[in-house]
Each structure stands twice: as structure tokens, then as C-alpha cells.
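Peer 1: Got a structure for you, written out below as C-alpha cells; questions coming shortly.
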Amino acid sequence: MSSTLVGISPTPVEVPPVVHNLAGRLRPVATVVPVWRNEYGGFTARLEDSARLEDRTNAPGRTTPRAAGRSSYLKWVPHGSACPDPFAEADRLVWAGSFAPLPRVLDVGRNRYGSWLLTEAVERDGAIATSAIEPRWRSLAKRSAIAIGLGLRQLHDLLPVDTCSFVRTAELRVAALTRSAAVALCGTPLGDPPSVDRLVVCHGDATVPNTLLDRAGRFVAHVDVGDLGVADRWSDIAVTTRSVTRRYGPGLEPLVLAAYGVAPDPVRTRYYRALWDAEEAVRVRRVAQRAEPRYPDPNGRGHLRRAS
Ligand SMILES: Nc1ncnc2c1ncn2[C@@H]1O[C@H](COP(=O)(O)OP(=O)(O)O)[C@@H](O)[C@H]1O
Ligand SMILES: [Mg+2]
């Protein structure tokens with residue numbers, strides 16, 4: 001989904017009341033800092049312990065007080081949104097988090113307005129890891145592209161296919177598209193999926209914004225794994241290389257592929273990008289058809305499930 005996400009940091013944006021209310025119930029003393037808003041109504045805020053306010057991220061040369069509790073990230077998704085369900089993401093985080101670096105789930109729930117996922121802030125050396133989309137990493141594009149390629153390879157190497165119950169093969173994705181009559185939306189027919197190069201547990205949205213780096217620009221962790229599942233590794237690689245090129249600029253694809261450790265594969269790359277675009281067309285259509293306001297009136301209660 002990242003190609004149409006709207007990053008809001010560092011622009012100040014108001015936290016919608018529905019998110020603010022929820023944050024107040026989940027973390028009553030925290031300061032709520034807007035971080036990210038996607039085009040499907042999803043909104044992410046960082047809930048900061050007040051003792052940490054001097055340094056919110058891993059800006060070089062700054063220190064972070066360690067005495068206070070960890071900050072957390074609250075992702076709120078309205079009902080009917082085209083974003084993956086926070087409960088599906090929580091299930092994947094809990095499973096995959098025992099093998100690979102991913103945020104720890106603190107809470108997941110649903111009320112009459114939407115669903116949410118609360119995760120612990122990912123830290124490295126006492127500082128919160130930041131998204132590779134942050135401007136400072138864009139200005140170090142080559143280094144960041146390599147870190148992203150290395151991070152993707154690490155994820156694919158660490159997650160065990162045999163015990164993964166989440167599946168996201170091209171066949172399943174095409175079947176879902178066909179059910180929604182969306183293949184017609186993408187213009188050119190997708191054709192048959194290419195043969196599988198290597199089955200791995202794919203991230204599902206392995207883009208620049210979903211990759212976290214430490215203060216030196218090294219890979220730390222991934223976020224946003226609501227679409228994680230077993231698939232050909234090219235379904236991730238094709239999306240990652242395109243995201244790096246779109247976000248940082250042209251010419252970086254070879255660096256990502258070399259860091260990952262794979263030769264270019266134009267056929268699979270083309271196929272998985274086209275499949276992604278077809279799914280994107282469905283999401284965009286769903287957003288256009290939504291009648292409800294983006295951020296509903298916040299008086300909801302109804303906590304359904306607390307993660308351990
Ligand atoms: N646990 C976390 N630790 C650090 N940063 C996080 C964490 N969770 C989310 N983020 C930040 O918030 C952004 C939005 O979260 P994400 O789950 O990707 O939402 P969306 O589904 O809207 O893309 C991420 O790109 C990342 O910068
Ligand atoms: Mg994301």
C-alpha cells in the first residue's frame with residue numbers, strides 16, 4: 001500500500017479525536033504525536049511517555065532518557081477500510097515476532113468506530129528506530145537502499161515456511177481479485193503467475209516506509225505485516241525495489257538486489273508489480289465508494305481483546 005501512503009511527518013497534523021480518545025484510554029499519561037496517515041483512513045500516532053519528550057527519535061547526537069517506560073505506536077483503522085485488519089496483523093506479529101525483529105504487540109481491539117493495534121516502539125541502543133522514509137535517510141539513499149535489501153533478506157531467511165499458517169501466494173491473490181471483478185481495472189491482463197523461484201514467508205508490504213533503521217542507518221526491523229504470508233520471494237522483492245526507486249530516486253535497484261543477494265528477474269518483477277497495482281486499484285475504488293466520514297465521532301467503547 002505504500003505507493004499511495006501519505007507521510008505526515010514532520011508536518012504537524014492534528015490527531016483525529018477518535019484516535020486521541022482511544023490513546024487516552026490505552027495510555028492515559030502519554031503525549032500523542034501524529035506519525036503517519038494512509039489513504040485508506042488508517043492513522044498512526046506515537047504515544048510518548050512524557051519523560052521521553054526531549055528526544056522522540058534517534059536523531060544523531062541526541063540521547064534518550066531510559067528511566068521512563070517505552071513509547072508505543074497506536075495504529076487506528078476505521079471499519080470497512082481497505083487496510084489489513086489490525087487483528088490479522090497482531091496474529092502475524094505474534095507468530096513472526098519469535099523469529100524475526102518485529103514490534104511487540106501490546107494491545108489489539110475493536111469498537112464501534114474502528115480497530116486498533118498498539119505495539120511497543122522498536123528501539124536500538126536506547127533510541128526509537130525510525131522509518132526509512134524519514135528525510136534524513138533519503139539523503140543517504142545508497143546506504144538506505146542497501147539496508148533495506150539486507151533487511152528483506154534477513155526477514156526471508158529467518159521466518160520458517162513450514163510452520164507458517166499465513167498464505168499469500170499469487171494464485172490466492174488473483175482469486176481474490178477475480179472475485180472482486182478487479183482484474184478488469186488494471187488494464188492489462190495479469191496472465192498466469194510465473195513459476196515459483198523460492199517460497200518464503202513474505203512481508204506482504206515490504207516498502208521503504210515499513211522498514212525501520214537505527215541512528216546509523218542500519219536495518220533494525222519491519223512494521224506493517226498485516227499481509228505477511230508464504231509466497232514467492234519475488235512478490236516482496238519486486239515491491240521493495242520499486243518502492244526504493246520511487247522514494248529515493250532512480251538507479252538504486254541494483255543496490256537493493258545485490259544487498260538481498262539475488263540477480264534481477266524482470267519477468268517475476270513485472271508480474272508481481274502488476275499484481276500489486278491491480279490490488280491497489282481495488283483499494284482505491286473502495287475508498288472512493290466509502291460513504292462514512294474518514295474520522296467518525298469519538299464516543300466508542302467496547303474493548304474486545306487484549307493481547308498478552
Ligand atoms: N512499533 C513501532 N516502532 C517504531 N515505529 C513504528 C512502529 N509501528 C509503527 N511505526 C511507524 O509508524 C508508521 C505507520 O505504521 P504502519 O503500521 O506502517 O501503518 P500503515 O498501515 O498506515 O502504513 C510506520 O511507517 C513507522 O514509521
Ligand atoms: Mg506502513
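Identifiers in the C-alpha cells: chain A, B, ... in order shown; residue index from 1 per chain; ligand index from 1 in order shown.
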Residues at most 6 Å from ligand 2, using only C-alpha atoms and all ligand atoms? Could they come as a PyMOL selection string?
Peer 2: chain A and resi 209-210+224
Peer 1: Enumerate residues in contact with ligand 1: an atom-to-atom distance of at most 8 Å, counting only C-alpha atoms and all ligand atoms. Format the result as number ranges by chain.
Peer 2: A: 1-2, 5, 35-38, 42-46, 72-75, 83-84, 102-104, 118-123, 128-133, 209-212, 223-226
Peer 1: Those residues you just picked out, can you put them in a file as a compact mmCIF listing (two decimals), in the first residue's frame with N, CA and C atoms?
Peer 2:
```txt
# COMPACT_ATOMS: atom_id res chain seq x y z
N MET A 1 0.81 -1.21 0.00
CA MET A 1 0.00 0.00 0.00
C MET A 1 0.84 1.26 0.00
N SER A 2 2.13 1.11 0.15
CA SER A 2 2.92 2.30 0.45
C SER A 2 2.94 3.30 -0.70
N LEU A 5 0.61 5.89 0.17
CA LEU A 5 0.51 6.38 1.54
C LEU A 5 0.94 7.84 1.59
N VAL A 35 2.06 10.49 13.53
CA VAL A 35 3.22 9.95 12.80
C VAL A 35 2.91 9.71 11.33
N TRP A 36 1.76 9.17 11.06
CA TRP A 36 1.51 8.67 9.71
C TRP A 36 0.02 8.57 9.46
N ARG A 37 -0.36 8.92 8.24
CA ARG A 37 -1.76 8.75 7.85
C ARG A 37 -1.77 8.09 6.48
N ASN A 38 -2.53 7.04 6.32
CA ASN A 38 -2.57 6.44 4.99
C ASN A 38 -3.86 6.83 4.27
N GLY A 42 -6.48 4.92 7.71
CA GLY A 42 -5.65 4.47 8.83
C GLY A 42 -4.79 5.62 9.36
N PHE A 43 -4.62 5.66 10.68
CA PHE A 43 -3.85 6.75 11.29
C PHE A 43 -2.96 6.15 12.37
N THR A 44 -1.70 6.53 12.37
CA THR A 44 -0.76 6.02 13.38
C THR A 44 -0.20 7.18 14.20
N ALA A 45 -0.21 6.99 15.51
CA ALA A 45 0.35 8.01 16.42
C ALA A 45 1.34 7.34 17.37
N ARG A 46 2.34 8.10 17.77
CA ARG A 46 3.26 7.59 18.79
C ARG A 46 2.77 8.09 20.15
N SER A 72 4.99 3.81 22.61
CA SER A 72 4.30 2.79 21.81
C SER A 72 3.68 3.47 20.59
N TYR A 73 3.26 2.64 19.63
CA TYR A 73 2.64 3.15 18.41
C TYR A 73 1.22 2.61 18.32
N LEU A 74 0.30 3.54 18.13
CA LEU A 74 -1.11 3.17 18.02
C LEU A 74 -1.55 3.36 16.58
N LYS A 75 -1.93 2.24 15.94
CA LYS A 75 -2.49 2.33 14.58
C LYS A 75 -4.00 2.14 14.69
N CYS A 83 -7.39 -1.14 4.57
CA CYS A 83 -6.17 -1.57 5.27
C CYS A 83 -6.37 -2.98 5.80
N PRO A 84 -5.29 -3.75 5.95
CA PRO A 84 -5.43 -5.04 6.62
C PRO A 84 -5.99 -4.88 8.03
N LEU A 102 10.49 -7.67 14.92
CA LEU A 102 9.20 -7.03 14.65
C LEU A 102 8.70 -6.43 15.96
N PRO A 103 7.84 -5.44 15.89
CA PRO A 103 7.35 -4.84 17.14
C PRO A 103 6.54 -5.83 17.98
N ARG A 104 6.64 -5.64 19.30
CA ARG A 104 5.86 -6.48 20.22
C ARG A 104 4.44 -5.93 20.32
N LEU A 118 -1.84 -1.67 19.10
CA LEU A 118 -0.85 -0.92 19.88
C LEU A 118 0.41 -1.78 19.96
N THR A 119 1.53 -1.24 19.49
CA THR A 119 2.79 -2.01 19.55
C THR A 119 3.83 -1.21 20.31
N GLU A 120 4.77 -1.94 20.86
CA GLU A 120 5.88 -1.29 21.56
C GLU A 120 6.80 -0.64 20.53
N ALA A 121 7.28 0.55 20.84
CA ALA A 121 8.23 1.20 19.94
C ALA A 121 9.47 0.33 19.79
N VAL A 122 9.91 0.14 18.56
CA VAL A 122 11.14 -0.62 18.32
C VAL A 122 12.32 0.29 18.63
N GLU A 123 13.22 -0.20 19.46
CA GLU A 123 14.38 0.60 19.84
C GLU A 123 15.67 -0.11 19.49
N ILE A 128 14.54 5.22 19.57
CA ILE A 128 13.49 4.64 18.74
C ILE A 128 13.96 4.57 17.29
N ALA A 129 13.82 3.40 16.70
CA ALA A 129 14.18 3.24 15.28
C ALA A 129 13.20 4.03 14.43
N THR A 130 13.69 4.62 13.34
CA THR A 130 12.82 5.46 12.52
C THR A 130 12.61 4.85 11.15
N SER A 131 11.50 5.21 10.54
CA SER A 131 11.17 4.69 9.21
C SER A 131 12.20 5.17 8.19
N ALA A 132 12.52 4.30 7.25
CA ALA A 132 13.46 4.66 6.18
C ALA A 132 12.90 5.74 5.26
N ILE A 133 11.66 6.13 5.45
CA ILE A 133 11.07 7.20 4.65
C ILE A 133 11.44 8.58 5.20
N PRO A 209 8.67 2.85 3.69
CA PRO A 209 8.12 3.33 4.96
C PRO A 209 7.99 2.25 6.03
N ASN A 210 7.90 1.00 5.60
CA ASN A 210 7.70 -0.08 6.57
C ASN A 210 9.01 -0.70 7.04
N THR A 211 10.13 -0.07 6.72
CA THR A 211 11.43 -0.56 7.16
C THR A 211 11.99 0.43 8.18
N LEU A 212 12.40 -0.08 9.34
CA LEU A 212 12.94 0.79 10.39
C LEU A 212 14.46 0.68 10.44
N VAL A 223 7.82 -3.16 10.07
CA VAL A 223 6.48 -2.95 10.66
C VAL A 223 5.45 -3.25 9.58
N ASP A 224 4.16 -3.22 9.96
CA ASP A 224 3.06 -3.27 9.00
C ASP A 224 2.97 -4.62 8.28
N VAL A 225 2.81 -5.68 9.06
CA VAL A 225 2.86 -7.03 8.49
C VAL A 225 1.47 -7.67 8.35
N GLY A 226 0.45 -6.86 8.18
CA GLY A 226 -0.91 -7.41 8.07
C GLY A 226 -1.12 -8.33 6.88
```
Peer 1: Find the residues near Gln154 in chain A: any atom within 9 Å, counting only C-alpha atoms, skip ones fewer than 4 places away on the same chain, and give them as a list in words.
Peer 2: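 That gives Ala100, Gly149, Leu150, Leu158, Leu159 and Tyr260 of chain A.
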Peer 1: Write a file of the just-selected residues containing all heavy atoms, as a compact mmCIF listing (two decimals), in the first residue's frame.
Peer 2:
```txt
# COMPACT_ATOMS: atom_id res chain seq x y z
N ALA A 100 11.84 -13.14 14.00
CA ALA A 100 12.44 -12.00 13.29
C ALA A 100 12.15 -10.71 14.07
O ALA A 100 11.23 -10.67 14.87
CB ALA A 100 11.84 -11.90 11.88
N GLY A 149 17.57 -3.72 1.44
CA GLY A 149 17.79 -5.02 0.81
C GLY A 149 18.25 -6.07 1.81
O GLY A 149 17.77 -7.21 1.81
N LEU A 150 19.17 -5.67 2.68
CA LEU A 150 19.66 -6.60 3.71
C LEU A 150 18.54 -7.00 4.66
O LEU A 150 18.42 -8.17 5.06
CB LEU A 150 20.80 -5.95 4.51
CG LEU A 150 22.14 -5.76 3.80
CD1 LEU A 150 23.08 -4.92 4.67
CD2 LEU A 150 22.78 -7.12 3.48
N LEU A 158 14.87 -15.69 8.08
CA LEU A 158 14.55 -16.03 9.46
C LEU A 158 13.18 -16.70 9.65
O LEU A 158 12.99 -17.50 10.57
CB LEU A 158 14.61 -14.78 10.35
CG LEU A 158 16.00 -14.19 10.61
CD1 LEU A 158 15.89 -12.89 11.39
CD2 LEU A 158 16.87 -15.19 11.37
N LEU A 159 12.23 -16.36 8.81
CA LEU A 159 10.86 -16.87 9.05
C LEU A 159 10.70 -18.26 8.44
O LEU A 159 10.96 -18.46 7.25
CB LEU A 159 9.83 -15.91 8.46
CG LEU A 159 9.77 -14.52 9.09
CD1 LEU A 159 8.72 -13.65 8.40
CD2 LEU A 159 9.47 -14.60 10.58
N TYR A 260 20.33 -7.88 -1.17
CA TYR A 260 19.48 -9.05 -0.91
C TYR A 260 20.22 -10.33 -1.30
O TYR A 260 20.06 -11.38 -0.67
CB TYR A 260 18.17 -8.92 -1.69
CG TYR A 260 17.21 -10.06 -1.42
CD1 TYR A 260 16.20 -9.93 -0.47
CD2 TYR A 260 17.33 -11.27 -2.10
CE1 TYR A 260 15.34 -10.98 -0.20
CE2 TYR A 260 16.48 -12.33 -1.85
CZ TYR A 260 15.47 -12.18 -0.89
OH TYR A 260 14.62 -13.23 -0.63
```
Peer 1: Using only C-alpha atoms, can you tell me which of A:Ala231, A:Val174, A:Ile146, A:Leu275 comes closest to Glu253 in chain A?
Peer 2: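 Nearest to Glu253 in chain A: A:Ile146.
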Peer 1: To one decimal place in Å, what is the distance between CA of Glu89 in chain A and CA of Asp214 in chain A?
Peer 2: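 Going from CA of Glu89 in chain A over to CA of Asp214 in chain A, I get 23.2 Å.
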Peer 1: Report the residues of range 214-307 of chain A whose backbone DSSP state falls under strand (DSSP E), written as a PyMOL selection string.
Peer 2: chain A and resi 219-222+229-232
Peer 1: CA of Arg273 in chain A and CA of Leu177 in chain A are how many Å apart?
Peer 2: 14.4 Å
Peer 1: Residues near Thr31 in chain A, anyone? I mean within 8 Å using only C-alpha atoms, not counting same-chain ones fewer than 5 positions away, as a PDB file with C-alpha atoms, in the first residue's frame.
Peer 2:
```pdb
ATOM      1  CA  ARG A  46       3.260   7.592  18.791  1.00  0.00           C
ATOM      2  CA  LEU A  47       2.258   7.554  22.444  1.00  0.00           C
ATOM      3  CA  GLU A  48       5.180   9.060  24.290  1.00  0.00           C
ATOM      4  CA  ASP A  49       5.936   8.825  27.921  1.00  0.00           C
ATOM      5  CA  SER A  50       6.350  12.461  28.996  1.00  0.00           C
TER       6      SER A  50
END
```
Peer 1: Could you write out, as a PyMOL selection string, all the residues of range 160-270 of chain A that DSSP marks as alpha helix (DSSP H)?
Peer 2: chain A and resi 170-179+234-248+253-260+266-270
Peer 1: Just checking: using only C-alpha atoms, which residue out of A:Leu93, A:Val244, A:Ala221, A:Ala238 ends up closest to Val267 in chain A?
Peer 2: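 Smallest distance to Val267 in chain A is found for A:Ala238.
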Peer 1: Go through A:Val32, A:Arg268, A:Ala175, A:Leu26 one by one, measure the shortest atom-to-atom distance of each to Asp107 in chain A using only C-alpha atoms, and give the residue with the smallest value.
Peer 2: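 Closest residue, counting only C-alpha atoms: A:Leu26.
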Peer 1: Could you check which of A:Ser195, A:Thr207, A:Ser115, A:Thr178 is closest to Asp85 in chain A, using only C-alpha atoms?
Peer 2: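 Ranking A:Ser195, A:Thr207, A:Ser115, A:Thr178 by distance to Asp85 in chain A, first place goes to A:Ser115.
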Peer 1: For Arg233 in chain A, work out the shell of residues within 7 Å, counting only C-alpha atoms and skipping chain neighbours fewer than 5 positions away, then give it as JSON, numbers by chain.
Peer 2: {"A": [198, 199, 200, 202]}
Peer 1: Please compute the CA of Ala82 in chain A-CA of Pro16 in chain A distance, one decimal, in Å.
Peer 2: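 Distance between the two atoms: 18.7 Å.
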Peer 1: Show which residues sit within 9 Å of Arg92 in chain A, as a list in words. Count only C-alpha atoms, and ignore same-chain residues fewer than 5 positions away.
Peer 2: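 Selected residues are Phe87, Gly97, Phe166, Val225, Gly226, Asp227, Leu228 and Gly229 of chain A.
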Peer 1: Pick out the closest residue to Thr241 in chain A from this set: A:Ala281, A:Val287, A:Ala145, A:Ala96. Count only C-alpha atoms.
Peer 2: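 Among the listed residues, the smallest separation from Thr241 in chain A belongs to A:Ala145.
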Peer 1: Find the spatial neighbours of Thr245 in chain A, counting only C-alpha atoms, within a cut-off of 12 Å - ignore same-chain residues fewer than 2 positions away - and output them as a ChimeraX atom specification.
Peer 2: /A:3,133,138,141-142,144-145,148,207-208,238-243,247-256
